[in-house]
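Engineer: Just one file: entry_37.txt, with compact mmCIF, C-alpha atoms (C1' of nucleotides).
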# COMPACT_ATOMS: atom_id res chain seq x y z
CA MET A 296 6.83 5.08 -32.83
CA PHE A 297 10.37 5.03 -31.44
CA TYR A 298 12.26 7.41 -29.22
CA THR A 299 15.99 7.95 -28.86
CA ILE A 300 17.56 7.98 -25.43
CA GLY A 301 17.66 11.77 -25.49
CA GLU A 302 13.96 12.06 -26.26
CA MET A 303 13.07 9.54 -23.58
CA ALA A 304 15.30 11.24 -21.06
CA GLU A 305 13.53 14.52 -21.73
CA ARG A 306 10.11 12.91 -21.27
CA LEU A 307 11.22 11.51 -17.95
CA ASN A 308 13.18 14.56 -16.84
CA VAL A 309 16.37 12.64 -16.27
CA ALA A 310 19.80 12.84 -17.90
CA PRO A 311 20.51 10.49 -20.80
CA SER A 312 23.53 9.25 -18.85
CA THR A 313 21.15 8.12 -16.12
CA LEU A 314 19.23 5.93 -18.54
CA ARG A 315 22.49 4.50 -19.92
CA TYR A 316 23.55 3.75 -16.38
CA TYR A 317 20.28 2.01 -15.60
CA ASP A 318 20.61 0.01 -18.79
CA LYS A 319 24.15 -1.03 -17.89
CA GLU A 320 22.90 -2.13 -14.49
CA GLY A 321 20.28 -4.35 -16.10
CA LEU A 322 17.30 -2.21 -15.16
CA LEU A 323 16.10 -1.75 -18.74
CA PRO A 324 16.16 -5.24 -20.29
CA PHE A 325 13.19 -4.29 -22.48
CA VAL A 326 14.99 -1.63 -24.53
CA GLU A 327 15.66 -2.62 -28.13
CA ARG A 328 18.52 -1.50 -30.35
CA SER A 329 18.74 -0.41 -33.98
CA SER A 330 21.10 -2.26 -36.33
CA GLY A 331 23.63 0.48 -35.60
CA GLY A 332 23.39 -0.11 -31.84
CA ILE A 333 21.23 2.90 -30.98
CA ARG A 334 18.69 2.37 -28.21
CA MET A 335 15.10 2.55 -29.44
CA PHE A 336 12.52 3.22 -26.73
CA LYS A 337 8.88 2.34 -27.41
CA ASP A 338 5.74 3.86 -25.93
CA GLU A 339 5.07 0.71 -23.97
CA ASP A 340 8.49 1.04 -22.33
CA MET A 341 7.02 3.99 -20.45
CA GLU A 342 5.10 1.54 -18.31
CA TRP A 343 8.34 -0.07 -17.16
CA LEU A 344 10.01 3.27 -16.65
CA ARG A 345 7.07 4.49 -14.60
CA LEU A 346 7.32 1.42 -12.39
CA LEU A 347 11.06 1.97 -12.11
CA GLY A 348 10.46 5.55 -11.05
CA CYS A 349 7.86 4.43 -8.54
CA LEU A 350 10.11 1.83 -6.95
CA LYS A 351 12.91 4.35 -6.79
CA LYS A 352 10.68 6.91 -5.09
CA ALA A 353 9.69 4.20 -2.66
CA GLY A 354 13.38 3.99 -1.74
CA MET A 355 14.12 0.63 -3.31
CA PRO A 356 17.81 0.12 -4.13
CA LEU A 357 18.66 -0.36 -7.80
CA LYS A 358 19.81 -3.92 -7.12
CA GLU A 359 16.36 -4.94 -5.98
CA ILE A 360 14.73 -3.18 -8.89
CA ARG A 361 17.04 -5.24 -11.06
CA SER A 362 15.82 -8.44 -9.42
CA PHE A 363 12.29 -7.38 -10.15
CA MET A 364 13.11 -6.72 -13.81
CA ASP A 365 14.89 -10.07 -14.07
CA TRP A 366 11.88 -11.87 -12.58
CA SER A 367 9.54 -10.07 -14.92
CA ARG A 368 11.46 -11.43 -17.90
CA GLN A 369 11.28 -14.95 -16.49
CA GLY A 370 7.50 -14.96 -16.78
CA ASP A 371 4.66 -16.36 -14.72
CA ALA A 372 6.85 -18.61 -12.57
CA THR A 373 8.08 -15.57 -10.64
CA ILE A 374 4.74 -13.91 -9.90
CA SER A 375 4.90 -14.68 -6.20
CA GLN A 376 8.42 -13.28 -5.82
CA ARG A 377 7.32 -10.10 -7.52
CA LEU A 378 4.22 -9.83 -5.36
CA GLU A 379 6.32 -10.37 -2.26
CA LEU A 380 8.75 -7.64 -3.26
CA ILE A 381 5.90 -5.23 -4.01
CA GLU A 382 4.32 -5.96 -0.63
CA LYS A 383 7.61 -5.48 1.15
CA GLN A 384 8.03 -2.14 -0.53
CA ARG A 385 4.46 -1.17 0.20
CA GLN A 386 5.10 -1.79 3.89
CA SER A 387 8.27 0.25 3.64
CA VAL A 388 6.26 3.16 2.23
CA LEU A 389 3.74 2.87 5.08
CA ASP A 390 6.64 2.95 7.53
CA GLN A 391 8.11 5.98 5.82
CA GLN A 392 4.77 7.73 6.00
CA LYS A 393 4.56 7.14 9.70
CA GLN A 394 8.09 8.43 10.13
CA LEU A 395 7.35 11.56 8.11
CA GLU A 396 4.35 12.27 10.30
CA ASP A 397 6.51 12.17 13.41
CA THR A 398 9.06 14.35 11.68
CA LEU A 399 6.40 16.84 10.65
CA LEU A 400 5.14 17.14 14.22
CA MET A 401 8.68 17.87 15.38
CA LEU A 402 9.13 20.49 12.65
CA ASP A 403 5.77 22.04 13.54
CA TYR A 404 6.92 22.28 17.11
CA LYS A 405 10.20 23.89 16.11
CA ARG A 406 8.36 26.26 13.82
CA TRP A 407 6.16 27.36 16.67
CA TYR A 408 9.24 27.61 18.87
CA TYR A 409 11.04 29.97 16.52
CA GLN A 410 7.95 31.92 15.57
CA THR A 411 7.37 32.60 19.24
CA ALA A 412 11.03 33.41 19.75
CA GLN A 413 10.97 35.75 16.76
CA GLU A 414 7.99 37.66 18.12
CA ALA A 415 9.65 37.96 21.51
CA GLY A 416 13.03 38.75 20.00
CA THR A 417 14.71 36.03 22.05
CA CYS A 418 14.70 32.29 22.53
CA GLY A 419 14.73 33.06 26.24
CA ILE A 420 10.97 33.51 26.07
CA HIS A 421 10.68 29.74 26.25
CA ASP A 422 12.11 29.64 29.74
CA THR A 423 9.31 31.92 30.89
CA LEU A 424 6.46 29.97 29.30
CA SER A 425 4.16 27.92 31.50
CA PRO A 426 3.20 24.46 30.24
CA GLU A 427 -0.32 25.66 29.40
CA GLN A 428 1.08 28.15 26.95
CA ILE A 429 2.52 25.39 24.82
CA PRO A 430 0.01 24.35 22.15
CA GLU A 431 -1.71 21.07 22.95
CA GLN A 432 -0.64 19.36 19.76
CA PHE A 433 2.94 19.29 21.01
CA ARG A 434 2.20 17.71 24.39
CA PRO A 435 2.57 14.09 23.23
CA LEU A 436 5.89 15.02 21.66
CA MET A 437 7.23 16.53 24.86
CA ALA A 438 5.89 13.69 26.95
CA GLN A 439 7.92 11.33 24.82
CA TRP A 440 11.09 13.37 25.43
CA GLU A 441 10.59 12.97 29.17
CA LYS A 442 10.63 9.21 28.77
CA GLU A 443 13.72 9.09 26.57
CA SER A 444 15.23 11.34 29.20
CA MET B 69 24.94 12.67 34.80
CA PHE B 70 27.33 12.06 31.92
CA TYR B 71 27.42 9.50 29.13
CA THR B 72 30.32 8.24 27.08
CA ILE B 73 30.07 8.13 23.33
CA GLY B 74 29.37 4.40 23.47
CA GLU B 75 26.50 4.82 25.90
CA MET B 76 25.01 7.65 23.88
CA ALA B 77 25.36 5.71 20.65
CA GLU B 78 23.48 2.82 22.22
CA ARG B 79 20.68 5.11 23.39
CA LEU B 80 20.36 6.50 19.88
CA ASN B 81 20.87 3.22 18.08
CA VAL B 82 23.75 4.48 15.99
CA ALA B 83 27.42 3.47 15.81
CA PRO B 84 29.88 5.41 17.94
CA SER B 85 31.80 6.15 14.75
CA THR B 86 28.74 7.94 13.43
CA LEU B 87 28.68 10.28 16.40
CA ARG B 88 32.42 10.93 16.00
CA TYR B 89 31.82 11.69 12.35
CA TYR B 90 29.03 14.13 13.18
CA ASP B 91 31.23 15.78 15.75
CA LYS B 92 34.06 16.15 13.25
CA GLU B 93 31.62 17.72 10.80
CA GLY B 94 30.60 20.31 13.38
CA LEU B 95 27.16 18.88 14.06
CA LEU B 96 27.72 18.43 17.78
CA PRO B 97 29.23 21.71 18.99
CA PHE B 98 27.53 21.23 22.35
CA VAL B 99 29.47 18.13 23.40
CA GLU B 100 31.93 18.71 26.22
CA ARG B 101 35.19 16.88 26.88
CA SER B 102 36.82 15.51 29.99
CA SER B 103 40.32 16.68 30.91
CA GLY B 104 41.58 13.56 29.16
CA GLY B 105 39.79 14.42 25.91
CA ILE B 106 36.89 11.99 26.31
CA ARG B 107 33.52 13.21 25.02
CA MET B 108 30.98 13.67 27.82
CA PHE B 109 27.36 13.74 26.70
CA LYS B 110 24.76 15.30 28.98
CA ASP B 111 21.06 14.56 29.23
CA GLU B 112 20.22 17.91 27.70
CA ASP B 113 22.30 17.00 24.65
CA MET B 114 19.54 14.55 23.82
CA GLU B 115 17.40 17.50 22.76
CA TRP B 116 19.97 18.48 20.15
CA LEU B 117 20.46 14.92 19.03
CA ARG B 118 16.71 14.48 18.69
CA LEU B 119 16.54 17.58 16.52
CA LEU B 120 19.49 16.30 14.51
CA GLY B 121 17.71 12.98 13.99
CA CYS B 122 14.54 14.76 13.00
CA LEU B 123 16.26 16.95 10.42
CA LYS B 124 18.06 13.93 9.05
CA LYS B 125 14.81 11.99 8.73
CA ALA B 126 13.37 14.99 6.94
CA GLY B 127 16.14 14.52 4.39
CA MET B 128 18.23 17.54 5.28
CA PRO B 129 21.88 17.24 4.24
CA LEU B 130 24.45 17.30 7.04
CA LYS B 131 25.86 20.60 5.75
CA GLU B 132 22.57 22.36 6.33
CA ILE B 133 22.18 20.79 9.73
CA ARG B 134 25.61 22.17 10.47
CA SER B 135 24.46 25.66 9.48
CA PHE B 136 21.56 25.28 11.84
CA MET B 137 23.86 24.25 14.68
CA ASP B 138 26.19 27.15 13.93
CA TRP B 139 23.30 29.60 13.98
CA SER B 140 22.02 28.18 17.23
CA ARG B 141 25.34 28.93 18.89
CA GLN B 142 25.27 32.48 17.56
CA GLY B 143 22.18 33.26 19.60
CA ASP B 144 19.06 35.34 19.09
CA ALA B 145 20.39 37.22 16.06
CA THR B 146 19.89 34.13 13.91
CA ILE B 147 16.33 33.23 14.91
CA SER B 148 14.87 34.19 11.54
CA GLN B 149 17.41 32.11 9.60
CA ARG B 150 16.62 29.13 11.77
CA LEU B 151 12.89 29.64 11.36
CA GLU B 152 13.33 29.93 7.60
CA LEU B 153 15.30 26.71 7.45
CA ILE B 154 12.73 24.89 9.56
CA GLU B 155 9.92 26.12 7.32
CA LYS B 156 11.78 25.09 4.20
CA GLN B 157 12.24 21.63 5.64
CA ARG B 158 8.63 21.47 6.72
CA GLN B 159 7.59 22.15 3.16
CA SER B 160 9.98 19.48 1.96
CA VAL B 161 8.33 16.97 4.28
CA LEU B 162 4.88 17.94 2.96
CA ASP B 163 6.18 17.40 -0.58
CA GLN B 164 7.62 14.04 0.37
CA GLN B 165 4.31 13.02 1.91
CA LYS B 166 2.50 13.85 -1.30
CA GLN B 167 5.04 11.86 -3.26
CA LEU B 168 4.73 8.85 -0.98
CA GLU B 169 0.97 8.88 -1.44
CA ASP B 170 1.36 8.67 -5.21
CA THR B 171 3.91 5.93 -4.78
CA LEU B 172 1.61 4.02 -2.46
CA LEU B 173 -1.22 4.14 -4.98
CA MET B 174 1.10 2.74 -7.62
CA LEU B 175 2.25 -0.04 -5.29
CA ASP B 176 -1.35 -0.81 -4.36
CA TYR B 177 -2.12 -1.14 -8.04
CA LYS B 178 0.84 -3.43 -8.62
CA ARG B 179 -0.13 -5.46 -5.59
CA TRP B 180 -3.61 -5.95 -6.97
CA TYR B 181 -2.06 -6.74 -10.36
CA TYR B 182 0.12 -9.53 -9.00
CA GLN B 183 -2.49 -10.85 -6.57
CA THR B 184 -4.87 -11.22 -9.49
CA ALA B 185 -2.15 -12.77 -11.62
CA GLN B 186 -1.24 -15.17 -8.82
CA GLU B 187 -4.83 -16.35 -8.46
CA ALA B 188 -5.09 -16.83 -12.21
CA GLY B 189 -1.63 -18.39 -12.44
CA THR B 190 -0.61 -16.01 -15.19
CA CYS B 191 -0.08 -12.31 -15.87
CA GLY B 192 -1.98 -12.91 -19.07
CA ILE B 193 -5.21 -12.56 -17.12
CA HIS B 194 -4.78 -8.80 -17.36
CA ASP B 195 -5.20 -8.85 -21.13
CA THR B 196 -8.62 -10.45 -20.66
CA LEU B 197 -9.88 -8.02 -18.02
CA SER B 198 -12.50 -5.44 -19.01
CA PRO B 199 -12.01 -1.89 -17.64
CA GLU B 200 -14.88 -2.40 -15.16
CA GLN B 201 -13.00 -5.24 -13.54
CA ILE B 202 -10.20 -2.92 -12.52
CA PRO B 203 -10.86 -1.50 -9.05
CA GLU B 204 -12.04 2.10 -9.14
CA GLN B 205 -9.27 3.42 -6.97
CA PHE B 206 -6.79 2.78 -9.77
CA ARG B 207 -8.71 4.63 -12.49
CA PRO B 208 -7.11 8.06 -11.88
CA LEU B 209 -3.72 6.37 -12.00
CA MET B 210 -4.41 4.75 -15.35
CA ALA B 211 -5.97 7.89 -16.76
CA GLN B 212 -2.71 9.67 -16.00
CA TRP B 213 -0.76 7.03 -17.92
CA GLU B 214 -2.87 7.68 -20.99
CA LYS B 215 -1.85 11.32 -20.95
CA GLU B 216 1.86 10.65 -20.50
CA SER B 217 1.44 8.26 -23.37
C1' DA C 118 30.93 14.02 -49.62
C1' DT C 119 31.03 16.29 -45.42
C1' DA C 120 29.69 18.53 -41.37
C1' DT C 121 27.37 18.22 -37.21
C1' DA C 122 24.70 16.63 -33.60
C1' DA C 123 23.36 12.96 -31.03
C1' DC C 124 24.38 8.53 -30.23
C1' DC C 125 27.78 4.53 -28.35
C1' DT C 126 31.15 2.20 -24.61
C1' DA C 127 34.46 1.88 -20.96
C1' DA C 128 36.48 3.83 -17.36
C1' DA C 129 37.32 7.27 -14.20
C1' DG C 130 35.45 10.71 -11.03
C1' DC C 131 32.30 12.60 -7.58
C1' DG C 132 29.61 13.76 -3.28
C1' DA C 133 27.18 12.11 0.54
C1' DA C 134 27.31 9.59 4.64
C1' DC C 135 29.40 6.64 6.91
C1' DT C 136 32.83 2.71 8.37
C1' DT C 137 37.24 0.78 8.99
C1' DT C 138 41.99 0.78 10.10
C1' DA C 139 46.08 1.97 12.52
C1' DA C 140 48.30 3.71 16.17
C1' DG C 141 47.94 5.40 20.30
C1' DT C 142 45.63 7.21 25.15
C1' DC C 143 42.48 6.99 29.15
C1' DA C 144 40.24 4.95 33.11
C1' DA C 145 38.66 1.37 36.14
C1' DG C 146 39.31 -3.07 38.34
C1' DA C 147 42.49 -7.00 40.17
C1' DT D 115 51.15 -1.63 38.72
C1' DC D 116 49.30 -3.82 35.10
C1' DT D 117 45.71 -5.39 32.17
C1' DT D 118 41.74 -4.60 29.63
C1' DG D 119 38.26 -2.41 27.25
C1' DA D 120 36.57 1.74 25.70
C1' DC D 121 38.06 5.87 24.33
C1' DT D 122 41.05 9.26 20.97
C1' DT D 123 42.59 10.99 16.08
C1' DA D 124 43.76 10.95 11.18
C1' DA D 125 43.39 8.93 7.11
C1' DA D 126 41.94 5.61 4.01
C1' DG D 127 38.16 2.71 2.34
C1' DT D 128 33.19 1.64 1.10
C1' DT D 129 28.64 2.00 -1.03
C1' DC D 130 25.26 4.24 -3.68
C1' DG D 131 23.76 6.58 -7.55
C1' DC D 132 25.00 8.94 -10.76
C1' DT D 133 28.08 12.22 -14.02
C1' DT D 134 32.00 13.18 -16.73
C1' DT D 135 35.57 12.18 -19.89
C1' DA D 136 37.71 10.20 -23.84
C1' DG D 137 37.56 8.21 -27.97
C1' DG D 138 34.80 6.58 -31.36
C1' DT D 139 30.23 5.59 -34.41
C1' DT D 140 25.65 6.62 -36.44
C1' DA D 141 22.31 9.34 -38.69
C1' DT D 142 20.71 13.37 -40.92
C1' DA D 143 20.93 17.67 -43.33
C1' DT D 144 23.39 20.38 -46.84
Could you render the structure as structure tokens?
Structural biologist:
Amino acid sequence: MFYTIGEMAERLNVAPSTLRYYDKEGLLPFVERSSGGIRMFKDEDMEWLRLLGCLKKAGMPLKEIRSFMDWSRQGDATISQRLELIEKQRQSVLDQQKQLEDTLLMLDYKRWYYQTAQEAGTCGIHDTLSPEQIPEQFRPLMAQWEKES
Amino acid sequence: MFYTIGEMAERLNVAPSTLRYYDKEGLLPFVERSSGGIRMFKDEDMEWLRLLGCLKKAGMPLKEIRSFMDWSRQGDATISQRLELIEKQRQSVLDQQKQLEDTLLMLDYKRWYYQTAQEAGTCGIHDTLSPEQIPEQFRPLMAQWEKES
DNA sequence: ATATAACCTAAAGCGAACTTTAAGTCAAGA
DNA sequence: TCTTGACTTAAAGTTCGCTTTAGGTTATAT
């Protein structure tokens, strides 16, 4: 029924000190204590910890996660704030996805660059390549470089 | 033909102090100096700075970027190391993309959760909802929660 | 009763990535 | 020539997200 901080930390693959830190920062207002002061995690706390993990993965700073937790405890009056914060973070994730796609294209280009160089034994091969020998997928990338100078 | 650190920083939308910091950390071995010690950036340096930005966006620590820059200066003997590092980072980006997709699904669920709660005026609405009233797209998510307990 | 392992807090420490500060130098225009 | 603004370095400071340390308490097994 209850889990100690060590057990919960193991389930979540984090250090117990991390959970204590989150608690100190007000991110775990739902955690109860035994009469002796020991933290007692419940199964339903997992839901909160999952959300915490999700917001963290989305790149939300701990301070904002704390706001969210505070609002949650305040009840239905704060639904719109919480929705707003979720939507903001959703947009941030969409932005990050777009950024990662650009980054991946660049890495794919570099991978091709060094694969080609490896086969030729020298990076100099790229000075001898005609534009048609560069895979099409990288053309938009290189066109952009022209612009940026 | 040449750009000062301030001009280059503006082009890249970073603070001049950031570029000085990168230089101090050995990330900009290509930057030349005037007789008076002033950094002189060339147009072709943009290529390196673009790569630097790309690796940073991919989450590579500055120390590893430094290795890459060091290898680049060492010439063709280090092509395979550079390729290896690029491929490692490519994989890391693929992993990050997968993670962001999971995160997005969770945020989409929470968005639906709070939109529904907002319309109803209370989070309590979710205790009254039958499983069929939860959008299909969130079923795999919730099934996973069952498992994790 | 005692040993031991896991828990507790408060406070200090750490690494990454910058930013700021202080003191001074360079370069271009009036 | 002098002023001014942007440049230079070295070193200290900042923020974030933990982790470690120190000193002590709780809970369980023998």
Engineer: Using only C-alpha atoms (C1' of nucleotides), what table do you get, as a Markdown table, when you list each residue of chain A with an atom no more than 10 Å from chain C, its nearest pair of atoms, and their distance in Å rounded to one decimal, rows by chain then rising number?
Structural biologist:
| residue | atom | partner | partner_atom | distance |
| --- | --- | --- | --- | --- |
| A:Thr299 | CA | C:DC124 | C1' | 8.5 |
| A:Ile300 | CA | C:DC124 | C1' | 8.4 |
| A:Gly301 | CA | C:DA123 | C1' | 8.0 |
| A:Arg315 | CA | C:DC125 | C1' | 10.0 |
| A:Gly331 | CA | C:DC125 | C1' | 9.3 |
| A:Gly332 | CA | C:DC125 | C1' | 7.3 |
| A:Ile333 | CA | C:DC124 | C1' | 6.5 |
| A:Arg334 | CA | C:DC124 | C1' | 8.6 |
Engineer: Include C-alpha atoms and write out the residues we just selected as a short mmCIF file (atom, residue, chain, number, x, y, z; two decimals), keeping the file's coordinate frame.
Structural biologist:
data_model
loop_
_atom_site.label_atom_id
_atom_site.label_comp_id
_atom_site.auth_asym_id
_atom_site.auth_seq_id
_atom_site.Cartn_x
_atom_site.Cartn_y
_atom_site.Cartn_z
CA THR A 299 15.99 7.95 -28.86
CA ILE A 300 17.56 7.98 -25.43
CA GLY A 301 17.66 11.77 -25.49
CA ARG A 315 22.49 4.50 -19.92
CA GLY A 331 23.63 0.48 -35.60
CA GLY A 332 23.39 -0.11 -31.84
CA ILE A 333 21.23 2.90 -30.98
CA ARG A 334 18.69 2.37 -28.21
#
Engineer: Counting all atoms listed in the file, I want the residues whose atoms come within 12 Å of (9.1, 4.0, -23.6) in the file frame, returned as a PyMOL selection string.
Structural biologist: (chain A and resi 296-307+314+323+325-327+334-347) or (chain B and resi 213+216-217)
Engineer: Which residue gives the smallest distance to chain A among B:Ile193, B:Met137, B:Val82, B:Val161, with all atoms listed in the file counted?
Structural biologist: B:Val161
Engineer: Could you write out as a list in words the residues of chain B within 6 Å of chain A, counting all atoms listed in the file?
Structural biologist: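 The complete set of qualifying residues is Cys122, Asp144, Leu151, Thr171, Tyr182 and Thr190 of chain B.
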Engineer: Those same residues, written as a PDB file, in the coordinates of the input with C-alpha atoms?
Structural biologist:
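Produced file selection17.pdb, reproduced below:
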ATOM      1  CA  CYS B 122      14.540  14.760  13.000  1.00  0.00           C
ATOM      2  CA  ASP B 144      19.060  35.340  19.090  1.00  0.00           C
ATOM      3  CA  LEU B 151      12.890  29.640  11.360  1.00  0.00           C
ATOM      4  CA  THR B 171       3.910   5.930  -4.780  1.00  0.00           C
ATOM      5  CA  TYR B 182       0.120  -9.530  -9.000  1.00  0.00           C
ATOM      6  CA  THR B 190      -0.610 -16.010 -15.190  1.00  0.00           C
TER       7      THR B 190
END
Engineer: Least-squares superpose chain B on chain A across all ordered C-alpha pairs, then write out what you get as a short mmCIF file (atom, residue, chain, number, x, y, z; two decimals) with C-alpha atoms, keeping the file's coordinate frame.
Structural biologist:
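That gives us selection15.cif:
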data_model
loop_
_atom_site.label_atom_id
_atom_site.label_comp_id
_atom_site.auth_asym_id
_atom_site.auth_seq_id
_atom_site.Cartn_x
_atom_site.Cartn_y
_atom_site.Cartn_z
CA MET B 69 6.81 5.33 -32.67
CA PHE B 70 10.35 5.29 -31.32
CA TYR B 71 12.28 7.63 -29.05
CA THR B 72 16.00 8.15 -28.70
CA ILE B 73 17.59 8.12 -25.30
CA GLY B 74 17.70 11.92 -25.29
CA GLU B 75 14.00 12.22 -26.04
CA MET B 76 13.11 9.67 -23.40
CA ALA B 77 15.34 11.32 -20.84
CA GLU B 78 13.58 14.62 -21.48
CA ARG B 79 10.16 13.02 -21.05
CA LEU B 80 11.27 11.55 -17.74
CA ASN B 81 13.24 14.56 -16.58
CA VAL B 82 16.44 12.62 -16.05
CA ALA B 83 19.87 12.84 -17.69
CA PRO B 84 20.56 10.54 -20.62
CA SER B 85 23.57 9.26 -18.70
CA THR B 86 21.21 8.08 -15.98
CA LEU B 87 19.26 5.95 -18.43
CA ARG B 88 22.52 4.52 -19.83
CA TYR B 89 23.59 3.72 -16.29
CA TYR B 90 20.30 1.96 -15.56
CA ASP B 91 20.62 0.02 -18.77
CA LYS B 92 24.15 -1.06 -17.90
CA GLU B 93 22.91 -2.21 -14.51
CA GLY B 94 20.28 -4.40 -16.14
CA LEU B 95 17.31 -2.25 -15.18
CA LEU B 96 16.11 -1.74 -18.74
CA PRO B 97 16.14 -5.19 -20.34
CA PHE B 98 13.19 -4.20 -22.50
CA VAL B 99 14.99 -1.52 -24.52
CA GLU B 100 15.63 -2.45 -28.13
CA ARG B 101 18.48 -1.31 -30.37
CA SER B 102 18.67 -0.15 -33.95
CA SER B 103 20.98 -1.97 -36.36
CA GLY B 104 23.54 0.73 -35.59
CA GLY B 105 23.38 0.09 -31.84
CA ILE B 106 21.21 3.09 -30.94
CA ARG B 107 18.69 2.53 -28.14
CA MET B 108 15.09 2.75 -29.36
CA PHE B 109 12.52 3.37 -26.66
CA LYS B 110 8.89 2.50 -27.33
CA ASP B 111 5.76 4.00 -25.83
CA GLU B 112 5.08 0.83 -23.91
CA ASP B 113 8.49 1.13 -22.27
CA MET B 114 7.04 4.05 -20.36
CA GLU B 115 5.10 1.56 -18.25
CA TRP B 116 8.34 -0.06 -17.13
CA LEU B 117 10.03 3.26 -16.57
CA ARG B 118 7.07 4.45 -14.52
CA LEU B 119 7.32 1.34 -12.36
CA LEU B 120 11.07 1.88 -12.07
CA GLY B 121 10.48 5.47 -10.95
CA CYS B 122 7.87 4.33 -8.47
CA LEU B 123 10.12 1.71 -6.91
CA LYS B 124 12.93 4.21 -6.73
CA LYS B 125 10.71 6.77 -5.01
CA ALA B 126 9.71 4.04 -2.58
CA GLY B 127 13.39 3.80 -1.69
CA MET B 128 14.13 0.46 -3.30
CA PRO B 129 17.81 -0.06 -4.14
CA LEU B 130 18.66 -0.50 -7.82
CA LYS B 131 19.80 -4.09 -7.17
CA GLU B 132 16.35 -5.09 -6.02
CA ILE B 133 14.72 -3.31 -8.91
CA ARG B 134 17.01 -5.33 -11.11
CA SER B 135 15.78 -8.55 -9.50
CA PHE B 136 12.26 -7.46 -10.21
CA MET B 137 13.08 -6.78 -13.86
CA ASP B 138 14.83 -10.14 -14.15
CA TRP B 139 11.84 -11.93 -12.68
CA SER B 140 9.49 -10.11 -15.00
CA ARG B 141 11.38 -11.45 -18.00
CA GLN B 142 11.22 -14.97 -16.60
CA GLY B 143 7.45 -14.99 -16.88
CA ASP B 144 4.59 -16.40 -14.83
CA ALA B 145 6.79 -18.67 -12.70
CA THR B 146 8.02 -15.65 -10.75
CA ILE B 147 4.69 -13.98 -9.98
CA SER B 148 4.85 -14.79 -6.28
CA GLN B 149 8.37 -13.38 -5.90
CA ARG B 150 7.27 -10.20 -7.59
CA LEU B 151 4.18 -9.94 -5.43
CA GLU B 152 6.28 -10.51 -2.32
CA LEU B 153 8.70 -7.78 -3.30
CA ILE B 154 5.88 -5.36 -4.03
CA GLU B 155 4.29 -6.10 -0.66
CA LYS B 156 7.58 -5.63 1.14
CA GLN B 157 8.00 -2.28 -0.54
CA ARG B 158 4.43 -1.32 0.22
CA GLN B 159 5.10 -1.95 3.88
CA SER B 160 8.26 0.11 3.65
CA VAL B 161 6.26 3.02 2.26
CA LEU B 162 3.74 2.72 5.11
CA ASP B 163 6.65 2.80 7.57
CA GLN B 164 8.12 5.83 5.87
CA GLN B 165 4.77 7.59 6.03
CA LYS B 166 4.58 6.99 9.76
CA GLN B 167 8.09 8.31 10.16
CA LEU B 168 7.36 11.43 8.14
CA GLU B 169 4.36 12.16 10.34
CA ASP B 170 6.54 12.09 13.45
CA THR B 171 9.07 14.26 11.71
CA LEU B 172 6.40 16.72 10.66
CA LEU B 173 5.15 17.06 14.22
CA MET B 174 8.68 17.81 15.36
CA LEU B 175 9.13 20.41 12.61
CA ASP B 176 5.77 21.95 13.47
CA TYR B 177 6.93 22.25 17.05
CA LYS B 178 10.21 23.84 16.02
CA ARG B 179 8.36 26.18 13.71
CA TRP B 180 6.14 27.31 16.55
CA TYR B 181 9.24 27.59 18.75
CA TYR B 182 11.03 29.93 16.36
CA GLN B 183 7.92 31.89 15.40
CA THR B 184 7.35 32.59 19.07
CA ALA B 185 11.01 33.43 19.56
CA GLN B 186 10.95 35.73 16.54
CA GLU B 187 7.95 37.65 17.87
CA ALA B 188 9.61 37.98 21.25
CA GLY B 189 13.00 38.78 19.72
CA THR B 190 14.69 36.10 21.78
CA CYS B 191 14.71 32.34 22.33
CA GLY B 192 14.73 33.16 26.01
CA ILE B 193 10.97 33.58 25.86
CA HIS B 194 10.67 29.81 26.07
CA ASP B 195 12.12 29.75 29.58
CA THR B 196 9.30 32.05 30.70
CA LEU B 197 6.47 30.07 29.12
CA SER B 198 4.17 28.04 31.38
CA PRO B 199 3.20 24.54 30.14
CA GLU B 200 -0.33 25.76 29.30
CA GLN B 201 1.10 28.23 26.83
CA ILE B 202 2.52 25.43 24.73
CA PRO B 203 0.02 24.36 22.07
CA GLU B 204 -1.69 21.08 22.91
CA GLN B 205 -0.63 19.33 19.76
CA PHE B 206 2.95 19.30 21.00
CA ARG B 207 2.23 17.75 24.41
CA PRO B 208 2.60 14.10 23.30
CA LEU B 209 5.90 15.04 21.70
CA MET B 210 7.24 16.60 24.88
CA ALA B 211 5.93 13.78 27.03
CA GLN B 212 7.99 11.40 24.91
CA TRP B 213 11.12 13.48 25.52
CA GLU B 214 10.64 13.13 29.26
CA LYS B 215 10.74 9.36 28.94
CA GLU B 216 13.84 9.27 26.74
CA SER B 217 15.34 11.55 29.33
#
Engineer: Give me the residues of chain A that have any atom at most 10 Å from an atom of chain D; for each, the nearest atom pair and the distance in Å, rounded to one decimal. Use all atoms listed in the file, sort by chain and number, and format it as a Markdown table.
Structural biologist:
| residue | atom | partner | partner_atom | distance |
| --- | --- | --- | --- | --- |
| A:Ala310 | CA | D:DT133 | C1' | 9.2 |
| A:Ser312 | CA | D:DT133 | C1' | 7.3 |
| A:Thr313 | CA | D:DC132 | C1' | 6.7 |
| A:Tyr316 | CA | D:DC132 | C1' | 7.8 |
| A:Tyr317 | CA | D:DC132 | C1' | 9.7 |
| A:Ser330 | CA | D:DT140 | C1' | 10.0 |
| A:Gly331 | CA | D:DT140 | C1' | 6.5 |
| A:Gly332 | CA | D:DT140 | C1' | 8.5 |
| A:Ile333 | CA | D:DT140 | C1' | 7.9 |
| A:Pro356 | CA | D:DC130 | C1' | 8.5 |
| A:Leu357 | CA | D:DG131 | C1' | 8.6 |
Engineer: Please compute the atom CA of B:Leu209-atom CA of B:His194 distance, one decimal, in Å.
Structural biologist: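 Here the two named atoms are 16.1 Å from each other.
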